[in-house]
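Novice: Encoded as structure tokens, here's the structure I'll be asking about.
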Amino acid sequence: MFRLKTSVQEKIPRSLAKVITWRILVTITNFLGGWISSGNPWVGLGVVSFALVVNSIIYFFHERAWNASDYGRTVLDADSSNNINNSN
């Protein structure tokens with residue numbers, strides 16, 4: 001199920017970039033959520049510390065698993081993919 005290959009596949013650096021940008025957003029919301037719910041910014045910092053490490057690792061492997069799957073992808077012909085790549 002997860003070993004199918006397409007002409008479009010994300011590379012590990014792209015997955016890592018997505019992990020980093022996602023973690024920035026989630027870190028801010030985790031901190032604010034911990035702080036607001038407890039009234040103590042140190043609790044928010046504790047929530048962030050745990051979530052930063054654990055959830056980044058989980059998200060990376062989740063992203064790689066989805067990358068290995070063709071579910072929901074459309075394979076374009078060579079002319080269409082060249083046009084898309086050249087427009088970026």
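So you can find residues: chains in the structure tokens are A, B, ... in the order shown, residues in each start at 1, and ligands are numbered from 1 in order.
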Identify, on the basis of only C-alpha atoms, every residue whose closest approach to Val19 (chain A) does not exceed 12 Å; exclude the query and any residue fewer than 6 positions from it along the same chain; express the result as a list in words.

Specialist: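 Surrounding residues, per the criterion: Ile12, Pro13, Leu25, Val26, Thr27, Leu52, Val53, Val54, Asn55, Ser56, Ile57, Ile58, Tyr59, Phe60, Phe61, His62, Glu63 and Arg64 of chain A.
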
Novice: Give me the residues near Leu45 (chain A) as number ranges by chain, where near means some atom within 10 Å (using only C-alpha atoms) and where sequence neighbours in that chain fewer than 6 positions away do not count.

Specialist: A: 27-28, 30-32, 34-35, 51

Novice: Keeping C-alpha atoms, export the residues of the selection given above as a PDB file, in the first residue's frame.

Specialist:
ATOM      1  CA  THR A  27       4.376  25.803  19.755  1.00  0.00           C
ATOM      2  CA  ILE A  28       2.754  29.212  19.981  1.00  0.00           C
ATOM      3  CA  ASN A  30       0.511  25.152  22.992  1.00  0.00           C
ATOM      4  CA  PHE A  31       2.235  27.843  25.024  1.00  0.00           C
ATOM      5  CA  LEU A  32      -0.781  30.129  24.975  1.00  0.00           C
ATOM      6  CA  GLY A  34      -1.070  26.118  28.760  1.00  0.00           C
ATOM      7  CA  TRP A  35      -0.644  29.671  30.009  1.00  0.00           C
ATOM      8  CA  ALA A  51       5.188  18.752  22.774  1.00  0.00           C
TER       9      ALA A  51
END

Novice: Mind pulling up the distance from CA of Gln9 (chain A) to CA of Trp22 (chain A)?

Specialist: 19.7 Å

Novice: As a ChimeraX atom specification, please: every residue in region 13-79 of chain A that a backbone DSSP assignment puts in alpha helix (DSSP H).

Specialist: /A:13-38,41-68,78-79

Novice: What is the distance between CA of Ala65 (chain A) and CA of Arg23 (chain A), in Å to one decimal?

Specialist: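 Distance between the two atoms: 18.3 Å.
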